[in-house]
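Peer 1: Okay, handing you the structure first.
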Amino acid sequence: MATILSVSGSPSATSRTARLLRHLDQRLTAQGHEVIPVNVRDLPADALLGADFRHPAIVRATALVERADGVVVGTPVYKAAYSGLLKSLLDLLPQYALTGKTVLPLATGGSTAHVLAIDYALRPVLSSMGATHIVPGWFTLDKDITAGDDGTLTVAPGSAEALAQVTDRFSAALGGRTTVLAATG
């Protein structure tokens, strides 16, 4: 199966975006993929903001991207675009770091006014980095994601089904088996 890098571009330690990605990571793992989670907020700020391409953490992150067959990129939407933290990492990767990769863009936000951020802000950057196949992504409203104090995550039924479908399409694009969704009615 494929190796997938699951990148959270949220600066928050209690991020709904990161929790949602880790939830989807479990689905991809159950489908037989090796999933490597990365929270950009865990990378050194001085290396990200100082554009230190040689910093060991940046070198490791670059190697993980190179190793991956597919990349899931998740970001909260701020001011109609992906996070600045995610941008700082993408700027440090080689220009064509996503060549040969299948990419699934995901975003979270507080209003449907931000739903186009994936297509108008994130997708062009991923494409410019050489992504071979960018599968249709998904925007999830913050109100549809509930994180329990015990670390559990609940996603509203409509959003959960849509996320399962985009995740399964991504898995299929990587040549993996997908979970068959039960018909609802």
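Every chain in the structure tokens takes a letter, A first, then B, and so on in the order presented; its residues are numbered from 1, and the ligands are numbered from 1 following the presented order.
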I need the alpha helix (DSSP H) residues of segment 87-127 of chain A per DSSP on the backbone, written as a list of chain:residue names.

Peer 2: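 The alpha helix (DSSP H) subset of segment 87-127 of chain A is A:Lys87, A:Ser88, A:Leu89, A:Leu90, A:Asp91, A:Leu92, A:Ala117, A:Arg123, A:Pro124, A:Val125, A:Leu126, A:Ser127.
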
Peer 1: At most 10 Å is the cut-off: for each residue in segment 101-143 of chain A with any atom that close to an atom of segment 78-97 of chain A, write down the nearest atom pair and the distance in Å rounded to one decimal, counting only C-alpha atoms, chain first then increasing number, as a Markdown table.

Peer 2:
```
| residue | atom | partner | partner_atom | distance |
| --- | --- | --- | --- | --- |
| A:Lys101 | CA | A:Ala97 | CA | 8.6 |
| A:Leu106 | CA | A:Tyr82 | CA | 9.8 |
| A:Ala107 | CA | A:Tyr82 | CA | 7.8 |
| A:Thr108 | CA | A:Tyr82 | CA | 9.5 |
| A:Gly109 | CA | A:Tyr78 | CA | 7.7 |
| A:Gly110 | CA | A:Tyr78 | CA | 9.4 |
| A:Ala113 | CA | A:Ala80 | CA | 8.0 |
| A:His114 | CA | A:Ala80 | CA | 5.4 |
| A:Val115 | CA | A:Ala80 | CA | 8.4 |
| A:Leu116 | CA | A:Ala80 | CA | 7.9 |
| A:Ala117 | CA | A:Ala81 | CA | 5.3 |
| A:Ile118 | CA | A:Tyr82 | CA | 7.8 |
| A:Asp119 | CA | A:Ala81 | CA | 9.9 |
| A:Tyr120 | CA | A:Ala81 | CA | 8.2 |
| A:Ala121 | CA | A:Ala81 | CA | 5.6 |
| A:Leu122 | CA | A:Tyr82 | CA | 6.4 |
| A:Val125 | CA | A:Leu90 | CA | 8.5 |
| A:Leu126 | CA | A:Leu90 | CA | 8.8 |
| A:Ser127 | CA | A:Tyr96 | CA | 9.1 |
| A:Ser128 | CA | A:Tyr96 | CA | 7.4 |
| A:Met129 | CA | A:Tyr96 | CA | 4.4 |
| A:Gly130 | CA | A:Tyr96 | CA | 5.0 |
| A:Ala131 | CA | A:Tyr96 | CA | 7.8 |
```

Peer 1: Return the single residue from A:Pro105, A:Gly74, A:Gly158, A:Gly9 that is closest to Pro136 of chain A, with distances computed using only C-alpha atoms.

Peer 2: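 For Pro136 of chain A, the nearest of the candidates is A:Pro105.
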
Peer 1: Could you name the residues that touch Asp46 of chain A at 12 Å or less, counting only C-alpha atoms, but leaving out those on the same chain fewer than 2 positions away, as a list of chain:residue names?

Peer 2: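 Result of the neighbour search: A:Arg41, A:Asp42, A:Leu43, A:Pro44, A:Leu48, A:Leu49, A:Gly50, A:Ala51, A:Asp52, A:Phe53, A:Arg54, A:His55, A:Ala57, A:Ile58, A:Leu85, A:Ser88, A:Leu89.
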
Peer 1: Report the distance between atom CA of Thr14 of chain A and atom CA of Asp168 of chain A in Å, rounded to one decimal place.

Peer 2: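 Spanning atom CA of Thr14 of chain A to atom CA of Asp168 of chain A is a straight-line distance of 26.1 Å.
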
Peer 1: Take atom CA of Leu141 of chain A and atom CA of Asn39 of chain A and report the distance between them in Å, one decimal.

Peer 2: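 According to the coordinates, atom CA of Leu141 of chain A and atom CA of Asn39 of chain A are separated by 20.2 Å.
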
Peer 1: Which one of A:Leu24, A:Leu5, A:Val71, A:Ile134 sits closest to Gln165 of chain A if you count only C-alpha atoms?

Peer 2: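 Checking each of A:Leu24, A:Leu5, A:Val71, A:Ile134 against Gln165 of chain A, counting only C-alpha atoms, the winner is A:Leu24.
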
Peer 1: For the structure I just gave you, how does DSSP split segment 49-137 of chain A - specifically, which residues are strand (DSSP E or B)? Reply as a list in words.

Peer 2: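 Result set for segment 49-137 of chain A (strand (DSSP E or B)): Gly70, Val71, Val72, Val73, Gly74, Thr75, Pro76, Tyr78, Ala81, Thr99, Thr102, Val103, Leu104, Pro105, Leu106, Ala107, Thr108, Gly109, Ala131, His133 and Ile134 of chain A.
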
Peer 1: Residues as selected, all heavy atoms, written as a short mmCIF file (atom, residue, chain, number, x, y, z; two decimals), in the first residue's frame, can you do that?

Peer 2:
```
data_model
loop_
_atom_site.label_atom_id
_atom_site.label_comp_id
_atom_site.auth_asym_id
_atom_site.auth_seq_id
_atom_site.Cartn_x
_atom_site.Cartn_y
_atom_site.Cartn_z
N GLY A 70 1.46 9.83 -1.27
CA GLY A 70 0.34 10.75 -1.22
C GLY A 70 0.46 11.68 -0.04
O GLY A 70 1.14 11.36 0.95
N VAL A 71 -0.19 12.84 -0.15
CA VAL A 71 -0.14 13.83 0.92
C VAL A 71 -1.55 14.34 1.18
O VAL A 71 -2.25 14.74 0.24
CB VAL A 71 0.79 15.01 0.55
CG1 VAL A 71 0.85 16.03 1.69
CG2 VAL A 71 2.19 14.52 0.19
N VAL A 72 -1.95 14.30 2.44
CA VAL A 72 -3.19 14.95 2.87
C VAL A 72 -2.75 16.27 3.50
O VAL A 72 -1.90 16.28 4.39
CB VAL A 72 -3.96 14.10 3.90
CG1 VAL A 72 -5.22 14.83 4.35
CG2 VAL A 72 -4.31 12.73 3.33
N VAL A 73 -3.32 17.36 3.02
CA VAL A 73 -2.97 18.68 3.55
C VAL A 73 -4.23 19.28 4.17
O VAL A 73 -5.21 19.51 3.47
CB VAL A 73 -2.44 19.62 2.43
CG1 VAL A 73 -2.14 21.00 2.99
CG2 VAL A 73 -1.21 19.03 1.78
N GLY A 74 -4.18 19.50 5.48
CA GLY A 74 -5.31 20.08 6.18
C GLY A 74 -4.95 21.43 6.76
O GLY A 74 -3.84 21.61 7.29
N THR A 75 -5.89 22.37 6.66
CA THR A 75 -5.63 23.71 7.17
C THR A 75 -6.91 24.36 7.65
O THR A 75 -7.96 24.16 7.06
CB THR A 75 -4.99 24.61 6.08
OG1 THR A 75 -4.74 25.91 6.61
CG2 THR A 75 -5.89 24.73 4.86
N PRO A 76 -6.81 25.15 8.71
CA PRO A 76 -7.94 26.03 9.00
C PRO A 76 -7.90 27.17 7.99
O PRO A 76 -6.84 27.47 7.43
CB PRO A 76 -7.63 26.54 10.41
CG PRO A 76 -6.15 26.41 10.55
CD PRO A 76 -5.72 25.27 9.68
N TYR A 78 -8.16 31.05 7.35
CA TYR A 78 -8.06 32.36 7.97
C TYR A 78 -8.10 33.40 6.86
O TYR A 78 -7.30 33.32 5.92
CB TYR A 78 -6.76 32.52 8.74
CG TYR A 78 -6.55 31.55 9.87
CD1 TYR A 78 -5.46 30.70 9.89
CD2 TYR A 78 -7.45 31.48 10.93
CE1 TYR A 78 -5.25 29.82 10.94
CE2 TYR A 78 -7.26 30.59 11.99
CZ TYR A 78 -6.16 29.77 11.97
OH TYR A 78 -5.96 28.88 13.01
N ALA A 81 -8.04 32.15 3.20
CA ALA A 81 -6.89 31.42 2.68
C ALA A 81 -6.41 30.39 3.70
O ALA A 81 -6.83 30.39 4.85
CB ALA A 81 -5.76 32.39 2.33
N THR A 99 5.76 16.56 -7.04
CA THR A 99 5.77 15.85 -8.31
C THR A 99 5.63 14.35 -8.04
O THR A 99 6.33 13.79 -7.20
CB THR A 99 7.08 16.13 -9.08
OG1 THR A 99 7.13 17.54 -9.35
CG2 THR A 99 7.14 15.35 -10.39
N THR A 102 -0.08 12.15 -5.15
CA THR A 102 -1.51 12.37 -5.13
C THR A 102 -1.79 13.16 -3.86
O THR A 102 -1.28 12.82 -2.79
CB THR A 102 -2.28 11.04 -5.13
OG1 THR A 102 -1.94 10.34 -6.34
CG2 THR A 102 -3.77 11.24 -5.06
N VAL A 103 -2.60 14.22 -3.97
CA VAL A 103 -2.82 15.12 -2.84
C VAL A 103 -4.30 15.28 -2.57
O VAL A 103 -5.11 15.44 -3.49
CB VAL A 103 -2.17 16.50 -3.11
CG1 VAL A 103 -2.39 17.45 -1.93
CG2 VAL A 103 -0.68 16.35 -3.40
N LEU A 104 -4.65 15.25 -1.29
CA LEU A 104 -6.02 15.51 -0.82
C LEU A 104 -6.00 16.78 0.02
O LEU A 104 -5.46 16.79 1.12
CB LEU A 104 -6.54 14.35 0.02
CG LEU A 104 -7.87 14.58 0.76
CD1 LEU A 104 -9.01 14.89 -0.21
CD2 LEU A 104 -8.21 13.35 1.62
N PRO A 105 -6.57 17.90 -0.49
CA PRO A 105 -6.65 19.12 0.30
C PRO A 105 -7.92 19.15 1.15
O PRO A 105 -9.01 18.85 0.66
CB PRO A 105 -6.68 20.23 -0.77
CG PRO A 105 -7.29 19.57 -1.97
CD PRO A 105 -6.97 18.10 -1.88
N LEU A 106 -7.77 19.50 2.42
CA LEU A 106 -8.90 19.61 3.35
C LEU A 106 -8.80 20.94 4.08
O LEU A 106 -7.69 21.42 4.35
CB LEU A 106 -8.88 18.47 4.36
CG LEU A 106 -8.97 17.07 3.80
CD1 LEU A 106 -8.71 16.04 4.90
CD2 LEU A 106 -10.33 16.82 3.16
N ALA A 107 -9.95 21.51 4.41
CA ALA A 107 -9.95 22.77 5.15
C ALA A 107 -11.10 22.78 6.15
O ALA A 107 -12.11 22.10 5.97
CB ALA A 107 -10.08 23.96 4.21
N THR A 108 -10.90 23.53 7.22
CA THR A 108 -11.94 23.74 8.23
C THR A 108 -12.11 25.24 8.41
O THR A 108 -11.17 26.01 8.20
CB THR A 108 -11.57 23.10 9.58
OG1 THR A 108 -10.36 23.70 10.06
CG2 THR A 108 -11.37 21.59 9.45
N GLY A 109 -13.30 25.62 8.82
CA GLY A 109 -13.54 27.04 9.06
C GLY A 109 -14.90 27.29 9.66
O GLY A 109 -15.74 26.40 9.71
N ALA A 131 2.10 18.66 -7.95
CA ALA A 131 1.23 17.54 -7.58
C ALA A 131 0.67 16.88 -8.85
O ALA A 131 0.12 17.55 -9.71
CB ALA A 131 0.09 18.01 -6.68
N HIS A 133 -1.72 14.52 -9.06
CA HIS A 133 -3.18 14.37 -9.01
C HIS A 133 -3.69 14.99 -7.71
O HIS A 133 -3.37 14.51 -6.63
CB HIS A 133 -3.54 12.89 -9.07
CG HIS A 133 -4.99 12.61 -9.13
ND1 HIS A 133 -5.52 11.42 -8.75
CD2 HIS A 133 -6.05 13.37 -9.51
CE1 HIS A 133 -6.84 11.43 -8.89
NE2 HIS A 133 -7.18 12.61 -9.35
N ILE A 134 -4.46 16.05 -7.82
CA ILE A 134 -5.09 16.66 -6.66
C ILE A 134 -6.55 16.24 -6.70
O ILE A 134 -7.31 16.67 -7.57
CB ILE A 134 -4.97 18.20 -6.67
CG1 ILE A 134 -3.51 18.62 -6.77
CG2 ILE A 134 -5.63 18.78 -5.42
CD1 ILE A 134 -3.30 20.11 -6.98
#
```

Peer 1: Can you measure atom CA of Met1 of chain A to atom CA of Ala68 of chain A for me? One decimal in Å is fine.

Peer 2: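 It comes out at 11.2 Å.
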
Peer 1: Please provide the set of residues having any atom within 12 Å of Arg22 of chain A, restricted to only C-alpha atoms, with same-chain residues fewer than 4 positions apart removed, written as a ChimeraX atom specification.

Peer 2: /A:5-8,15-18,26-29,35-39,72-74,147,151-153

Peer 1: Hey, which of A:Glu161, A:Asp150, A:Asp144, A:Asp69 ends up closest to Thr132 of chain A? Count only C-alpha atoms.

Peer 2: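 Counting only C-alpha atoms, the residue closest to Thr132 of chain A is A:Asp69.
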